[in-house]
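The file final.cif comes next; it holds mmCIF, C-alpha atoms.
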data_data
#
loop_
_atom_site.group_PDB
_atom_site.id
_atom_site.type_symbol
_atom_site.label_atom_id
_atom_site.label_comp_id
_atom_site.auth_asym_id
_atom_site.auth_seq_id
_atom_site.Cartn_x
_atom_site.Cartn_y
_atom_site.Cartn_z
ATOM 1 C CA MET A 220 10.758 44.268 36.559
ATOM 2 C CA ASN A 221 11.228 47.691 35.149
ATOM 3 C CA MET A 222 10.700 48.975 31.623
ATOM 4 C CA LYS A 223 14.423 48.977 30.838
ATOM 5 C CA SER A 224 14.921 45.252 31.298
ATOM 6 C CA LEU A 225 11.690 44.540 29.400
ATOM 7 C CA ARG A 226 13.204 46.310 26.435
ATOM 8 C CA PHE A 227 15.873 43.626 26.315
ATOM 9 C CA ILE A 228 13.783 40.643 27.256
ATOM 10 C CA ILE A 229 11.055 41.096 24.630
ATOM 11 C CA PRO A 230 13.367 41.134 21.574
ATOM 12 C CA LEU A 231 15.311 38.248 23.068
ATOM 13 C CA GLY A 232 12.088 36.287 23.501
ATOM 14 C CA VAL A 233 11.018 37.011 19.931
ATOM 15 C CA PHE A 234 14.453 35.927 18.713
ATOM 16 C CA ALA A 235 14.286 32.695 20.703
ATOM 17 C CA LEU A 236 10.852 31.951 19.222
ATOM 18 C CA LEU A 237 12.186 32.553 15.719
ATOM 19 C CA VAL A 238 15.140 30.248 16.323
ATOM 20 C CA PHE A 239 12.762 27.570 17.612
ATOM 21 C CA PHE A 240 10.613 27.693 14.462
ATOM 22 C CA LEU A 241 13.623 27.709 12.146
ATOM 23 C CA TRP A 242 15.039 24.726 14.007
ATOM 24 C CA ARG A 243 11.732 22.903 13.698
ATOM 25 C CA GLY A 244 11.685 23.805 10.008
ATOM 26 C CA LEU A 245 15.035 22.108 9.498
ATOM 27 C CA ARG A 246 13.670 18.853 10.852
ATOM 28 C CA LEU A 247 10.522 18.803 8.723
ATOM 29 C CA ASP A 248 10.631 16.536 5.725
ATOM 30 C CA GLN A 249 9.083 18.575 2.973
ATOM 31 C CA HIS A 250 8.902 15.632 0.657
ATOM 32 C CA GLU A 251 6.656 13.716 3.015
ATOM 33 C CA VAL A 252 3.294 15.059 1.912
ATOM 34 C CA PRO A 253 0.340 13.800 3.974
ATOM 35 C CA SER A 254 -1.698 11.444 1.833
ATOM 36 C CA PRO A 255 -5.418 12.119 1.479
ATOM 37 C CA LEU A 256 -5.839 8.379 0.920
ATOM 38 C CA ILE A 257 -5.333 7.393 4.564
ATOM 39 C CA GLY A 258 -8.658 6.138 5.895
ATOM 40 C CA LYS A 259 -10.077 5.779 2.390
ATOM 41 C CA PRO A 260 -10.683 2.570 0.430
ATOM 42 C CA ALA A 261 -7.685 1.511 -1.647
ATOM 43 C CA PRO A 262 -8.247 2.358 -5.309
ATOM 44 C CA SER A 263 -9.496 -0.659 -7.184
ATOM 45 C CA PHE A 264 -7.111 -2.249 -9.628
ATOM 46 C CA ALA A 265 -6.826 -5.327 -11.792
ATOM 47 C CA LEU A 266 -3.280 -5.899 -12.998
ATOM 48 C CA THR A 267 -1.417 -8.862 -14.378
ATOM 49 C CA ARG A 268 1.277 -10.495 -12.321
ATOM 50 C CA LEU A 269 4.828 -9.538 -13.128
ATOM 51 C CA ASP A 270 5.816 -13.177 -13.529
ATOM 52 C CA ASP A 271 2.677 -14.243 -15.392
ATOM 53 C CA ALA A 272 1.011 -12.017 -17.961
ATOM 54 C CA ASN A 273 -2.050 -14.286 -17.912
ATOM 55 C CA ALA A 274 -2.765 -14.104 -14.179
ATOM 56 C CA THR A 275 -4.624 -11.082 -12.848
ATOM 57 C CA LEU A 276 -4.628 -9.783 -9.296
ATOM 58 C CA ARG A 277 -7.464 -7.506 -8.184
ATOM 59 C CA ARG A 278 -7.796 -5.333 -5.125
ATOM 60 C CA ASP A 279 -10.787 -7.361 -4.003
ATOM 61 C CA ASP A 280 -8.726 -10.575 -4.038
ATOM 62 C CA MET A 281 -6.996 -9.178 -0.969
ATOM 63 C CA LEU A 282 -10.155 -8.370 1.018
ATOM 64 C CA GLY A 283 -10.241 -10.056 4.416
ATOM 65 C CA LYS A 284 -6.484 -9.826 4.847
ATOM 66 C CA VAL A 285 -4.251 -7.125 6.230
ATOM 67 C CA TRP A 286 -1.662 -6.636 3.520
ATOM 68 C CA MET A 287 1.140 -4.382 2.431
ATOM 69 C CA LEU A 288 1.652 -2.804 -0.959
ATOM 70 C CA ASN A 289 5.220 -1.865 -1.800
ATOM 71 C CA VAL A 290 5.776 0.233 -4.920
ATOM 72 C CA TRP A 291 9.082 -0.502 -6.617
ATOM 73 C CA ALA A 292 10.904 -0.411 -9.935
ATOM 74 C CA SER A 293 14.146 -1.802 -11.289
ATOM 75 C CA TRP A 294 15.225 1.711 -12.312
ATOM 76 C CA CYS A 295 14.772 3.074 -8.799
ATOM 77 C CA GLY A 296 17.950 3.531 -6.786
ATOM 78 C CA ALA A 297 16.230 4.029 -3.451
ATOM 79 C CA CYS A 298 14.449 0.686 -3.966
ATOM 80 C CA ARG A 299 17.833 -1.037 -4.100
ATOM 81 C CA GLU A 300 18.671 0.639 -0.848
ATOM 82 C CA GLU A 301 15.462 -0.570 0.758
ATOM 83 C CA HIS A 302 15.522 -4.035 -0.732
ATOM 84 C CA PRO A 303 17.740 -6.018 1.699
ATOM 85 C CA LEU A 304 15.623 -4.817 4.607
ATOM 86 C CA LEU A 305 12.426 -5.764 2.805
ATOM 87 C CA VAL A 306 13.812 -9.231 2.050
ATOM 88 C CA GLU A 307 14.676 -9.649 5.743
ATOM 89 C CA PHE A 308 11.281 -8.368 6.796
ATOM 90 C CA SER A 309 9.462 -10.734 4.426
ATOM 91 C CA LYS A 310 11.061 -13.687 6.195
ATOM 92 C CA THR A 311 9.176 -12.808 9.377
ATOM 93 C CA LYS A 312 5.922 -13.488 7.480
ATOM 94 C CA ALA A 313 4.375 -10.630 9.424
ATOM 95 C CA VAL A 314 2.171 -9.591 6.526
ATOM 96 C CA PRO A 315 1.578 -10.541 2.879
ATOM 97 C CA ILE A 316 3.614 -8.164 0.722
ATOM 98 C CA ILE A 317 2.391 -7.316 -2.754
ATOM 99 C CA GLY A 318 4.841 -5.481 -4.989
ATOM 100 C CA LEU A 319 3.611 -2.876 -7.432
ATOM 101 C CA ASN A 320 6.178 -2.890 -10.201
ATOM 102 C CA TYR A 321 5.848 0.715 -11.319
ATOM 103 C CA LYS A 322 6.590 1.928 -14.858
ATOM 104 C CA ASP A 323 9.025 -0.828 -15.547
ATOM 105 C CA GLN A 324 9.677 -3.496 -18.156
ATOM 106 C CA ARG A 325 8.647 -7.030 -17.313
ATOM 107 C CA SER A 326 12.088 -8.465 -18.076
ATOM 108 C CA ASP A 327 13.899 -5.726 -16.122
ATOM 109 C CA GLY A 328 11.655 -6.230 -13.107
ATOM 110 C CA LEU A 329 11.995 -9.999 -13.108
ATOM 111 C CA GLY A 330 15.773 -9.753 -13.602
ATOM 112 C CA TRP A 331 16.009 -7.386 -10.651
ATOM 113 C CA LEU A 332 14.119 -9.813 -8.378
ATOM 114 C CA ASN A 333 16.325 -12.686 -9.518
ATOM 115 C CA ARG A 334 19.452 -10.756 -8.692
ATOM 116 C CA PHE A 335 18.504 -9.178 -5.400
ATOM 117 C CA GLY A 336 15.911 -11.580 -3.992
ATOM 118 C CA ASN A 337 12.141 -11.553 -4.027
ATOM 119 C CA PRO A 338 10.399 -10.421 -0.835
ATOM 120 C CA TYR A 339 6.995 -10.275 -2.520
ATOM 121 C CA ASP A 340 4.182 -12.786 -2.255
ATOM 122 C CA ALA A 341 3.299 -11.455 -5.686
ATOM 123 C CA SER A 342 4.270 -8.494 -7.816
ATOM 124 C CA ILE A 343 1.791 -6.827 -10.109
ATOM 125 C CA PHE A 344 2.814 -5.074 -13.267
ATOM 126 C CA ASP A 345 1.841 -1.402 -13.688
ATOM 127 C CA GLN A 346 3.587 -0.572 -16.917
ATOM 128 C CA ASN A 347 1.995 2.813 -17.628
ATOM 129 C CA GLY A 348 1.811 3.859 -13.982
ATOM 130 C CA ARG A 349 -1.962 4.325 -13.959
ATOM 131 C CA VAL A 350 -2.495 2.371 -10.752
ATOM 132 C CA GLY A 351 0.455 4.266 -9.266
ATOM 133 C CA ILE A 352 -1.337 7.529 -9.997
ATOM 134 C CA ASP A 353 -4.511 6.207 -8.352
ATOM 135 C CA PHE A 354 -2.466 5.458 -5.252
ATOM 136 C CA GLY A 355 -0.979 8.967 -5.383
ATOM 137 C CA VAL A 356 2.537 7.612 -5.885
ATOM 138 C CA TYR A 357 5.135 10.262 -6.618
ATOM 139 C CA GLY A 358 8.369 8.960 -5.161
ATOM 140 C CA VAL A 359 9.283 5.298 -5.448
ATOM 141 C CA PRO A 360 9.570 3.359 -3.184
ATOM 142 C CA GLU A 361 6.318 3.863 -1.328
ATOM 143 C CA THR A 362 4.651 1.491 1.075
ATOM 144 C CA PHE A 363 0.969 1.197 1.973
ATOM 145 C CA VAL A 364 -0.736 -0.872 4.647
ATOM 146 C CA ILE A 365 -4.281 -1.913 3.768
ATOM 147 C CA ASP A 366 -6.683 -3.431 6.281
ATOM 148 C CA LYS A 367 -9.150 -6.310 6.027
ATOM 149 C CA GLN A 368 -11.887 -4.021 4.720
ATOM 150 C CA GLY A 369 -9.610 -2.683 1.997
ATOM 151 C CA ILE A 370 -9.015 0.677 3.707
ATOM 152 C CA ILE A 371 -5.570 2.292 3.453
ATOM 153 C CA ARG A 372 -4.291 2.711 7.002
ATOM 154 C CA MET A 373 -0.692 3.768 6.564
ATOM 155 C CA LYS A 374 1.563 5.184 3.913
ATOM 156 C CA HIS A 375 5.308 5.560 3.961
ATOM 157 C CA ILE A 376 7.161 7.493 1.285
ATOM 158 C CA GLY A 377 10.765 6.584 0.572
ATOM 159 C CA PRO A 378 12.756 3.543 1.652
ATOM 160 C CA LEU A 379 11.595 1.646 4.718
ATOM 161 C CA THR A 380 14.014 1.783 7.617
ATOM 162 C CA PRO A 381 14.337 -0.481 10.684
ATOM 163 C CA ASP A 382 12.969 2.453 12.674
ATOM 164 C CA VAL A 383 9.858 2.791 10.503
ATOM 165 C CA ILE A 384 9.252 -0.963 10.671
ATOM 166 C CA ASP A 385 9.586 -1.097 14.468
ATOM 167 C CA LYS A 386 7.826 2.117 15.388
ATOM 168 C CA ARG A 387 5.101 2.482 12.770
ATOM 169 C CA LEU A 388 4.626 -0.631 10.674
ATOM 170 C CA MET A 389 4.648 -3.350 13.326
ATOM 171 C CA PRO A 390 2.368 -1.521 15.793
ATOM 172 C CA MET A 391 -0.051 -0.840 12.923
ATOM 173 C CA LEU A 392 -0.049 -4.494 11.849
ATOM 174 C CA ARG A 393 -0.641 -5.638 15.437
ATOM 175 C CA LYS A 394 -3.517 -3.218 15.767
ATOM 176 C CA LEU A 395 -5.138 -4.212 12.475
ATOM 177 C CA ASN A 396 -4.728 -7.939 13.089
ATOM 178 C CA ALA A 397 -6.044 -7.775 16.648
ATOM 179 C CA MET B 121 4.384 34.009 -54.805
ATOM 180 C CA ARG B 122 6.403 35.747 -52.148
ATOM 181 C CA LYS B 123 3.399 35.697 -49.879
ATOM 182 C CA LEU B 124 3.046 31.986 -50.347
ATOM 183 C CA CYS B 125 6.722 31.436 -49.534
ATOM 184 C CA THR B 126 6.408 33.456 -46.342
ATOM 185 C CA LEU B 127 3.342 31.484 -45.370
ATOM 186 C CA VAL B 128 5.091 28.168 -45.902
ATOM 187 C CA LEU B 129 8.138 29.310 -43.948
ATOM 188 C CA LEU B 130 6.006 30.626 -41.101
ATOM 189 C CA SER B 131 3.990 27.434 -40.865
ATOM 190 C CA LEU B 132 7.229 25.446 -40.802
ATOM 191 C CA LEU B 133 8.403 27.585 -37.909
ATOM 192 C CA VAL B 134 5.173 27.093 -36.023
ATOM 193 C CA PHE B 135 5.108 23.343 -36.501
ATOM 194 C CA GLY B 136 8.795 23.148 -35.644
ATOM 195 C CA ALA B 137 8.110 24.813 -32.315
ATOM 196 C CA PHE B 138 5.423 22.274 -31.446
ATOM 197 C CA ALA B 139 7.447 19.315 -32.612
ATOM 198 C CA LYS B 140 7.590 17.547 -29.252
ATOM 199 C CA ASP B 141 3.914 17.463 -28.385
ATOM 200 C CA ALA B 142 2.857 17.538 -32.016
ATOM 201 C CA PRO B 143 0.239 14.768 -32.140
ATOM 202 C CA ASN B 144 -1.745 16.158 -29.217
ATOM 203 C CA ALA B 145 -1.339 19.837 -29.938
ATOM 204 C CA ALA B 146 -2.191 19.443 -33.601
ATOM 205 C CA ALA B 147 -5.204 17.298 -32.789
ATOM 206 C CA ASP B 148 -6.870 19.913 -30.608
ATOM 207 C CA PRO B 149 -5.085 23.176 -29.733
ATOM 208 C CA ALA B 150 -8.026 24.389 -27.624
ATOM 209 C CA LEU B 151 -7.906 21.272 -25.464
ATOM 210 C CA GLU B 152 -4.139 21.581 -25.187
ATOM 211 C CA ALA B 153 -4.446 25.189 -24.016
ATOM 212 C CA ARG B 154 -7.071 24.218 -21.447
ATOM 213 C CA MET B 155 -4.905 21.342 -20.246
ATOM 214 C CA MET B 156 -1.908 23.673 -19.841
ATOM 215 C CA ARG B 157 -4.033 26.201 -17.931
ATOM 216 C CA ILE B 158 -5.096 23.515 -15.469
ATOM 217 C CA ALA B 159 -1.575 22.097 -15.292
ATOM 218 C CA GLN B 160 -0.293 25.498 -14.224
ATOM 219 C CA GLU B 161 -2.494 25.285 -11.132
ATOM 220 C CA LEU B 162 -0.961 21.987 -10.101
ATOM 221 C CA ARG B 163 2.240 21.371 -8.217
ATOM 222 C CA CYS B 164 4.538 18.658 -9.455
ATOM 223 C CA LEU B 165 5.238 16.514 -6.398
ATOM 224 C CA VAL B 166 8.541 15.245 -7.735
ATOM 225 C CA CYS B 167 10.102 18.690 -8.031
ATOM 226 C CA GLN B 168 7.918 20.657 -5.695
ATOM 227 C CA ASN B 169 8.662 24.149 -6.915
ATOM 228 C CA GLN B 170 7.486 23.493 -10.442
ATOM 229 C CA THR B 171 4.019 23.206 -11.863
ATOM 230 C CA ILE B 172 2.950 20.144 -13.757
ATOM 231 C CA ALA B 173 2.925 22.369 -16.845
ATOM 232 C CA ASP B 174 6.624 23.277 -16.426
ATOM 233 C CA SER B 175 8.051 20.038 -15.157
ATOM 234 C CA HIS B 176 9.737 17.424 -17.308
ATOM 235 C CA ALA B 177 9.487 14.804 -14.589
ATOM 236 C CA ASP B 178 7.957 11.540 -15.756
ATOM 237 C CA LEU B 179 5.054 11.906 -13.374
ATOM 238 C CA ALA B 180 4.245 15.395 -14.672
ATOM 239 C CA VAL B 181 4.182 14.103 -18.258
ATOM 240 C CA ASP B 182 1.833 11.299 -17.172
ATOM 241 C CA LEU B 183 -0.412 13.673 -15.268
ATOM 242 C CA ARG B 184 -0.646 16.054 -18.232
ATOM 243 C CA GLU B 185 -1.762 13.104 -20.324
ATOM 244 C CA GLU B 186 -4.245 12.180 -17.592
ATOM 245 C CA VAL B 187 -5.697 15.707 -17.721
ATOM 246 C CA ARG B 188 -5.967 15.496 -21.531
ATOM 247 C CA VAL B 189 -7.844 12.209 -21.294
ATOM 248 C CA MET B 190 -10.238 13.610 -18.698
ATOM 249 C CA LEU B 191 -10.913 16.783 -20.689
ATOM 250 C CA ARG B 192 -11.525 14.746 -23.831
ATOM 251 C CA LYS B 193 -14.130 12.799 -21.891
ATOM 252 C CA GLY B 194 -15.825 16.140 -21.285
ATOM 253 C CA GLU B 195 -15.003 16.499 -17.595
ATOM 254 C CA SER B 196 -14.960 19.951 -16.026
ATOM 255 C CA ASP B 197 -11.922 21.787 -14.626
ATOM 256 C CA GLU B 198 -13.292 21.180 -11.130
ATOM 257 C CA GLN B 199 -13.522 17.453 -11.746
ATOM 258 C CA VAL B 200 -9.892 17.380 -12.882
ATOM 259 C CA LEU B 201 -8.734 19.315 -9.814
ATOM 260 C CA LYS B 202 -10.749 17.017 -7.565
ATOM 261 C CA TYR B 203 -9.162 13.991 -9.237
ATOM 262 C CA MET B 204 -5.745 15.410 -8.347
ATOM 263 C CA THR B 205 -6.555 16.390 -4.755
ATOM 264 C CA ASP B 206 -8.190 12.996 -4.143
ATOM 265 C CA ARG B 207 -4.823 11.410 -4.882
ATOM 266 C CA TYR B 208 -2.228 13.929 -3.785
ATOM 267 C CA GLY B 209 -4.066 16.164 -1.302
ATOM 268 C CA ASP B 210 -4.452 19.939 -1.273
ATOM 269 C CA PHE B 211 -0.689 20.207 -1.527
ATOM 270 C CA VAL B 212 -0.927 19.794 -5.317
ATOM 271 C CA LEU B 213 -2.907 23.009 -5.603
ATOM 272 C CA TYR B 214 -0.856 26.159 -5.928
ATOM 273 C CA ARG B 215 -3.892 28.005 -4.580
ATOM 274 C CA PRO B 216 -5.018 25.925 -1.598
ATOM 275 C CA PRO B 217 -8.727 26.079 -0.713
ATOM 276 C CA VAL B 218 -9.872 28.218 2.211
ATOM 277 C CA LYS B 219 -10.831 25.876 5.040
ATOM 278 C CA ALA B 220 -10.248 25.454 8.761
ATOM 279 C CA THR B 221 -6.755 23.989 8.363
ATOM 280 C CA THR B 222 -5.630 26.741 5.982
ATOM 281 C CA TRP B 223 -7.090 29.764 7.797
ATOM 282 C CA LEU B 224 -3.721 30.610 9.308
ATOM 283 C CA LEU B 225 -2.144 30.453 5.857
ATOM 284 C CA TRP B 226 -4.750 32.649 4.230
ATOM 285 C CA PHE B 227 -5.506 35.155 6.974
ATOM 286 C CA GLY B 228 -2.307 35.048 9.076
ATOM 287 C CA PRO B 229 -0.523 37.816 7.128
ATOM 288 C CA GLY B 230 -3.604 40.086 7.231
ATOM 289 C CA VAL B 231 -4.058 39.503 10.956
ATOM 290 C CA LEU B 232 -0.385 40.308 11.568
ATOM 291 C CA LEU B 233 -0.630 43.510 9.517
ATOM 292 C CA VAL B 234 -3.813 44.735 11.222
ATOM 293 C CA GLY B 235 -2.437 43.759 14.647
ATOM 294 C CA GLY B 236 0.797 45.593 13.997
ATOM 295 C CA LEU B 237 -0.980 48.713 12.808
ATOM 296 C CA LEU B 238 -3.329 48.680 15.817
ATOM 297 C CA GLY B 239 -0.375 48.285 18.170
ATOM 298 C CA LEU B 240 1.433 51.143 16.485
ATOM 299 C CA ILE B 241 -1.605 53.444 16.653
ATOM 300 C CA LEU B 242 -2.166 52.651 20.350
ATOM 301 C CA LEU B 243 1.490 53.257 21.151
ATOM 302 C CA LEU B 244 1.592 56.582 19.311
ATOM 303 C CA ARG B 245 -1.641 57.742 20.984
ATOM 304 C CA LYS B 246 -0.265 56.850 24.398
ATOM 305 C CA ARG B 247 2.875 58.821 23.655
ATOM 306 C CA THR B 248 1.038 61.976 22.623
ATOM 307 C CA ARG B 249 -0.718 61.910 25.992
ATOM 308 C CA MET B 250 2.522 61.527 27.960
ATOM 309 C CA SER B 251 3.987 64.570 29.588
ATOM 310 C CA ASP B 252 7.230 66.012 28.213
ATOM 311 C CA ASP B 253 9.345 64.941 31.166
ATOM 312 C CA ARG B 254 8.878 61.272 30.188
ATOM 313 C CA PHE B 255 11.066 61.860 27.125
ATOM 314 C CA GLU B 256 14.730 62.649 26.852
ATOM 315 C CA PRO B 257 15.134 66.307 25.972
ATOM 316 C CA ASP B 258 16.132 67.127 22.383
ATOM 317 C CA GLU B 259 19.775 68.004 22.123
ATOM 318 C CA VAL B 260 20.253 71.672 21.476
ATOM 319 C CA ASP B 261 23.672 72.362 20.080
ATOM 320 C CA GLY B 262 22.952 75.355 17.936
ATOM 321 C CA LEU B 263 22.804 73.430 14.692
ATOM 322 C CA GLU B 264 19.182 74.006 13.838
ATOM 323 C CA GLY B 265 17.638 71.685 11.282
ATOM 324 C CA GLU B 266 20.161 68.914 11.788
ATOM 325 C CA VAL B 267 18.926 65.822 13.457
ATOM 326 C CA SER B 268 21.036 64.361 16.183
ATOM 327 C CA SER B 269 20.269 61.024 17.682
#
Conversion result in structure tokens:
Amino acid sequence: MNMKSLRFIIPLGVFALLVFFLWRGLRLDQHEVPSPLIGKPAPSFALTRLDDANATLRRDDMLGKVWMLNVWASWCGACREEHPLLVEFSKTKAVPIIGLNYKDQRSDGLGWLNRFGNPYDASIFDQNGRVGIDFGVYGVPETFVIDKQGIIRMKHIGPLTPDVIDKRLMPMLRKLNA
Amino acid sequence: MRKLCTLVLLSLLVFGAFAKDAPNAAADPALEARMMRIAQELRCLVCQNQTIADSHADLAVDLREEVRVMLRKGESDEQVLKYMTDRYGDFVLYRPPVKATTWLLWFGPGVLLVGGLLGLILLLRKRTRMSDDRFEPDEVDGLEGEVSS
């Protein structure tokens, strides 16, 4: 190869590399920020149930079980989008699902569940969003998988999709329940 | 009398400007200023190109309140920043910490600049040592001083 052809090949190579990175950039989801909470104990909480202001659910009540925390709100459009899938998924009884009703009103939340179905084994009521902040929630809906020792093992931001359930959630549940 | 009037008017203006956050700002302006300084270091994750100080997103309002509460409890700036990174990761910091995963981010541009300069110097040195017949002769067309390419 002589110098002349190198003069064409090098810029072409650089250009191809640039195109590759730009193309990769297009496929990155900037809103999916890696959570520092993966592998850490779930933040402790003690919240009343959405349907019963006198009953409290604590993080430690769930120790010994693999469970799923799904953050939702009646004002959240993307939660509506996710909801039918979550209702379907809950019928498989693959995992206990706890809803975190985030910055909502009790009556609005309960009305929403009545209208669209209730996939949750229980929903807890986080009116001021403090527990949400402890879980690093910034875009509802969010879904966490927590293992028997109370460690957060998976987080998904945004609505669950059949793909996420099949490729990430189910394998994780199988692994944690093994 | 005129002085008094001016004073009253001015104070009205000032309090008018702070109307929205009045209870907090009036309670402790120093704390409010410190909170805003910290909030300017933090990225709002809802609208990622704004700081928590600038954003009107619900979460940003909550987090500003969270910072206020922590500062009132006497916690240090570092403790507040740690509280945020524990929950949202280094991504919330507008100035990410220097560590193994961010070396490329911090030093990449410098490395590129130094590398480029070194390459340029080497290339120019090589050229000065080349004999004249390796270069195309300058065009001589009688127009001295004009550059032809």
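Reported to one decimal place, the separation of CA of His375 in chain A from CA of Arg393 in chain A is 17.1 Å.
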Check which residues satisfy the PyMOL selection byres ((chain A and resi 323) around 10) in the file shown, then give them as a list in words.
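On the file shown, the PyMOL selection byres ((chain A and resi 323) around 10) covers Leu269, Trp291, Ala292, Ser293, Trp294, Cys295, Leu319, Asn320, Tyr321, Lys322, Gln324, Arg325, Ser326, Asp327, Gly328, Leu329, Phe344, Asp345, Gln346, Asn347 and Gly348 of chain A.
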Got a sec to resolve the PyMOL selection byres ((chain B) within 10 of (chain A)) on this structure and send the residues as a ChimeraX atom specification?
/B:164-168,178-180,182-183,186,203-212
Residue nearest Pro360 in chain A - candidates A:Val383, A:Leu304, A:Val290, A:Met391, atoms counted: all atoms listed in the file:
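Ranked by minimum distance to Pro360 in chain A, first place goes to A:Val290.
Nearest to Ser175 in chain B of all the residues B:Ile158, B:Ser251, B:Glu152, B:Arg163 is B:Arg163, counting only C-alpha atoms.
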Length of the CA of Gln368 in chain A to CA of Ala313 in chain A vector [Å]:
18.2 Å
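Take the candidates A:Pro315, A:Ile343, A:Asp385, A:Lys374 and check each one against Met287 in chain A using all atoms listed in the file; the shortest distance goes to A:Pro315.
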Using CA of Leu213 in chain B and CA of Val359 in chain A as the two end points, give the distance in Å to one decimal.
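Going from CA of Leu213 in chain B over to CA of Val359 in chain A, I get 21.5 Å.
Closest approach to Arg268 in chain A from the set A:Trp331, A:Phe308, A:Trp286, A:Tyr339 is made by A:Tyr339, with distances taken over only C-alpha atoms.
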For Arg154 in chain B: contacts at 12 Å, all atoms listed in the file, fewer than 3 positions along chain excluded, given as a count of residues only
22
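Using only C-alpha atoms, the shortest contact distance between Leu266 in chain A and any of A:Leu392, A:Ala341, A:Leu247, A:Leu282 is found at A:Ala341.
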For Asp279 in chain A, find every residue with an atom within 12 Å (counting only C-alpha atoms), except residues of its own chain fewer than 5 positions away, and show them as a PyMOL selection string.
chain A and resi 260-266+284+286+365-370
Just say which residues the PyMOL selection byres ((chain A and resi 306) around 9) picks in this file, as a PDB file with C-alpha atoms, in the coordinates of the input.
ATOM      1  CA  GLU A 301      15.462  -0.570   0.758  1.00  0.00           C
ATOM      2  CA  HIS A 302      15.522  -4.035  -0.732  1.00  0.00           C
ATOM      3  CA  PRO A 303      17.740  -6.018   1.699  1.00  0.00           C
ATOM      4  CA  LEU A 304      15.623  -4.817   4.607  1.00  0.00           C
ATOM      5  CA  LEU A 305      12.426  -5.764   2.805  1.00  0.00           C
ATOM      6  CA  GLU A 307      14.676  -9.649   5.743  1.00  0.00           C
ATOM      7  CA  PHE A 308      11.281  -8.368   6.796  1.00  0.00           C
ATOM      8  CA  SER A 309       9.462 -10.734   4.426  1.00  0.00           C
ATOM      9  CA  LYS A 310      11.061 -13.687   6.195  1.00  0.00           C
ATOM     10  CA  PHE A 335      18.504  -9.178  -5.400  1.00  0.00           C
ATOM     11  CA  GLY A 336      15.911 -11.580  -3.992  1.00  0.00           C
ATOM     12  CA  ASN A 337      12.141 -11.553  -4.027  1.00  0.00           C
ATOM     13  CA  PRO A 338      10.399 -10.421  -0.835  1.00  0.00           C
ATOM     14  CA  TYR A 339       6.995 -10.275  -2.520  1.00  0.00           C
TER      15      TYR A 339
END
With distances taken over all atoms listed in the file, which residue among B:Met250, B:Val234, B:Leu242, B:Ile172 lies nearest Glu185 in chain B?
B:Ile172
Listed atoms of range 192-200 of chain B boxed axis-aligned with 4 Å per side, centre + edges as JSON:
{"center_x": -12.9, "center_y": 17.3, "center_z": -17.5, "size_x": 13.9, "size_y": 17.0, "size_z": 20.7}
Please determine the residues with any atom at most 7 Å from (7.1, -1.6, 4.4) (coordinates as given in the file, with all atoms listed in the file counting) and report them as a PyMOL selection string.
chain A and resi 287+289+305+362+379+384+388
